[in-house]
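Report on one structure; see the data block that follows.
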Amino acid sequence: MGVMPLLLLVAGSAAIAAAARRTPVPAPLLLVAAGLVISYVPGVPEYTLDPHVVLPLLLPPLLHTAATDSSYLDLRAQLRPVALLSVGYVLFATFAVGWAAYLIVPDLPLTAALVLGAVVAPPDAVAATAVARRVGLPSRITTILQGESLVNDATAITAYRVALAAAVGEGATWAGGIGEFLVAAIGGVGFGLVLMVPIHWLRTHLREALLQNTLSLLIPFVAYAAAEQVHASGVLAVVTVALYLGHRAWQVDFATRLQEEAVWKMVAFVLESAVFALIGLQLPVIIKGLGEYEGGRAAWYAVAVFLVVVASRFAWVYPAIFLPRLSKRIREREDNPTWKGPFVIAWAGMRGVVSLAIAFSIPLTMHGGEPFPERNLILFLTFTTVIGTLVLQGLSLPPLIRLLKLPGRDTQAETLAEANAQAQASRAAERHLDELLSGERNALPPPLADRLRAVLERRRNAVWERLGQVNALTGETADDTYRRLSREMIGVERAVFVKLRDGRYIDDEMLRTLLRRLDLEEAAAYREAA
C-alpha cells in the first residue's frame, strides 16, 4: 500500500467516524458500510488486508487501549464467565462451525473446515467495546464482553495454528494441539508477568512526560513481538501488561497521565476507524477470488455458516451462565440472572478485523505443493460472517436492549458514590493540610491558606452540584452554570492576551505560556462530569 492510499484511508475513515457521532448508527457499522460502497468507486485503490501488518501492528495497540480502560478488579470478579466465553466458547465454536461447514460444503476437508471454524470463532474486541459504549449496556455485561474480547483472540489464533498444521499436512495431533495451546497461553501470560513490573518501574522513574509517553506507545508492540518470538501468545502478553499498567496508572506522574490519555484516545480513534473501513474495502478482493463459484451456491453457504455461528453462541452462552449455578456456593454468592442478560451476551458476538486477518494468512499451497482446499471460499465465508454479524447484530442490538428493558447504568447512584468518595478524600486532604500548616516550615498567609481550603471545598461540592436542581430558564444545574461562566471569563482573558501579542506588547513565547495556563484552568473547569 502506497503513501497516498494510506493517507486517504486514514483521513476518509476518520471523517466518516466523526460524522457517525451525529447519527444514531454506531461508527463501526457506518465505516463498514462506507467501505463496501467506496470499494466499487472507480479509481479507488485495492486495499488488501496483510496479516503481517494487522496482527503485529494494529492488534497490539487496540488490545492495549481496551485493556488499560478495563478494570482488573471487575474482570477478576467475572473471571468464570469471561474464561468460559474467551476459551470455552471459542473452542466450541471452532468445532461446531467447522463440523457444520464440513457437512454443508461438498469437497471441503474436515481439517480445512476447522480452519474456517477457528477463523470466525472470536468476537472482536474493538466491535464489542464500541457497541457496548454506544448502547449503554449494564456494567456487568460490558465487563464480560470486554474481558472475553481481550483474551479470545489468543485462543482463536492458537486453534487456527493447530487446525492449519493438520490441514497442510504437518501431522498435528490432539496431544500436540493441547500442548501448543498450553505453551501459548502460559507463555503469553508469563511474558506479560515478567515484563509488567520493570516496565512500570521505568515509567515511574522517567522524569519527562514526553519520554514516558514514548515508552507507552512502544509497550504493546514490544510485549507482542517478544512473546511471539518464542511462540507464546503475544495477545495475552499485551493484555497482561496493559491490565497491570492500567491498574497502577495512579502511580505515574499527573502530566504523563493527562498526555497519555489524549495520545491513546487519538491512536485508538484512528486505528479503530481505519480497521472497520478496511473490512468493507475487502469486498472486491474477496469477490475476485470467488470466480469459480456460482453466486447462489456461495450465498447459500454464507447464510448457513452465519446461522451456525449465531446459533453456536446461543448454544454455549446459556449453559455457561446457568449450569455453574448448580453449585450452592455460586448461588449464594451471586444474584440470580434472568434470561435477558445471557440473550444480549449471545447476540453481541460481532466478528471483526482479526478474523479477516487470520483468514488472509491461510497459505496458498500445502506442503505437497497442492492448492489449499477452498481457500477463496473460506475467505468469502469469513467476510460474509464478519459483515453479517456487524450489520445485523450491531444494528439490532440497541433496539433489542430497549425492547428487553435491560437496566442501564444507574448514573445517579454512580454520582452519589463519586460524591461520597470525593467527600472522604477532601476531608482527609483537609486534615493533612491542617497538619502541614501547623508547622513553621509551611507557614502561609491566611489568604493563601484559605485559597487551598476553598479549592478543597469546590472539589467536594462539584459532584453534589451535579445532583442539584436544574435552572428552569437555562436547563442547567449550578455546576453547569459555573462551567459556562468560567469558560466565558477565560475566553475574555484569552482574547486580551492575543490582542496584546498583536500589539507587540508581549511576544509569542509569552503568549503560549499564558494560553497554556488558561488551557489547564479550562480543562479543570470542564473535566468530564462522568
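Each chain in the C-alpha cells gets a letter, A, B, ..., in the order shown, and its residues are numbered from 1; ligands are numbered from 1 in order too.
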
Apply DSSP to the backbone of this structure and, from region 112-256 of chain A, keep only the residues in helix (DSSP H, G or I); write these as a PyMOL selection string. chain A and resi 112-120+125-135+139-167+174-205+209-229+234-247+249-251+254-256

Which polymer residues have any atom within 8 Å of an atom of Ala209 (chain A), counting only C-alpha atoms, with same-chain residues fewer than 5 positions away left out, as an NGL selection string? :A and (253 or 255-256 or 259)

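Considering only C-alpha atoms, the residue among A:Val115, A:Val263, A:Val168, A:Val32 positioned nearest to Thr214 (chain A) is A:Val263.
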
Determine, using only C-alpha atoms, which residues of region 314-415 of chain A have any atom at most 10 Å from an atom of region 47-64 of chain A, and tabulate each with its shortest atom pair and distance in Å to one decimal place, rows ordered by chain and then rising number, as a tab-separated table.
residue	atom	partner	partner_atom	distance
A:Val353	CA	A:Val54	CA	8.1
A:Val354	CA	A:Leu55	CA	7.3
A:Leu356	CA	A:Leu49	CA	7.6
A:Ala357	CA	A:Pro51	CA	4.8
A:Ile358	CA	A:Pro51	CA	6.4
A:Ala359	CA	A:Pro51	CA	8.4
A:Phe360	CA	A:Pro51	CA	6.3
A:Ser361	CA	A:Pro51	CA	5.7
A:Ile362	CA	A:Pro51	CA	9.5

Write a file of the selected residues as an mmCIF file, in the first residue's frame, keeping N, CA and C atoms.
data_model
loop_
_atom_site.group_PDB
_atom_site.id
_atom_site.type_symbol
_atom_site.label_atom_id
_atom_site.label_comp_id
_atom_site.auth_asym_id
_atom_site.auth_seq_id
_atom_site.Cartn_x
_atom_site.Cartn_y
_atom_site.Cartn_z
ATOM 1 N N VAL A 353 -11.951 -7.475 12.426
ATOM 2 C CA VAL A 353 -10.788 -7.488 11.539
ATOM 3 C C VAL A 353 -9.835 -8.643 11.845
ATOM 4 N N VAL A 354 -9.798 -9.130 13.081
ATOM 5 C CA VAL A 354 -8.879 -10.228 13.413
ATOM 6 C C VAL A 354 -9.250 -11.482 12.631
ATOM 7 N N LEU A 356 -10.701 -11.624 9.698
ATOM 8 C CA LEU A 356 -10.271 -11.442 8.311
ATOM 9 C C LEU A 356 -8.757 -11.554 8.163
ATOM 10 N N ALA A 357 -8.033 -10.976 9.114
ATOM 11 C CA ALA A 357 -6.566 -11.029 9.046
ATOM 12 C C ALA A 357 -6.073 -12.469 9.134
ATOM 13 N N ILE A 358 -6.673 -13.267 10.016
ATOM 14 C CA ILE A 358 -6.271 -14.671 10.132
ATOM 15 C C ILE A 358 -6.597 -15.409 8.837
ATOM 16 N N ALA A 359 -7.781 -15.110 8.274
ATOM 17 C CA ALA A 359 -8.174 -15.794 7.034
ATOM 18 C C ALA A 359 -7.203 -15.487 5.903
ATOM 19 N N PHE A 360 -6.769 -14.231 5.800
ATOM 20 C CA PHE A 360 -5.831 -13.868 4.737
ATOM 21 C C PHE A 360 -4.458 -14.499 4.941
ATOM 22 N N SER A 361 -4.171 -14.975 6.154
ATOM 23 C CA SER A 361 -2.875 -15.604 6.403
ATOM 24 C C SER A 361 -2.855 -17.077 6.023
ATOM 25 N N ILE A 362 -4.005 -17.627 5.599
ATOM 26 C CA ILE A 362 -4.030 -19.022 5.138
ATOM 27 C C ILE A 362 -3.127 -19.147 3.913
#

Quick one: everything within 10 Å of Ile38 (chain A), counting only C-alpha atoms, minus sequence neighbours fewer than 5 positions away in the same chain. Send it as an MDAnalysis selection string. chainID A and resid 32:33 43:45 277 280:281

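Within 10 Å of Ala311 (chain A), once only C-alpha atoms are used and residues closer than 5 positions along the same chain are dropped, the contacting residues are Ala93, Ala96, Val97, Val305, Phe306, Trp316, Ala346 and Trp347 of chain A.
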
Counting only C-alpha atoms, the option among A:Ile16, A:Ala299, A:Leu323, A:Val317 closest to Val90 (chain A):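 Ranked by minimum distance to Val90 (chain A), first place goes to A:Val317.
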
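Each of A:Arg329, A:Arg297, A:Arg458, A:Arg494 was compared to Leu518 (chain A) using only C-alpha atoms, and A:Arg494 turns out to be the nearest.
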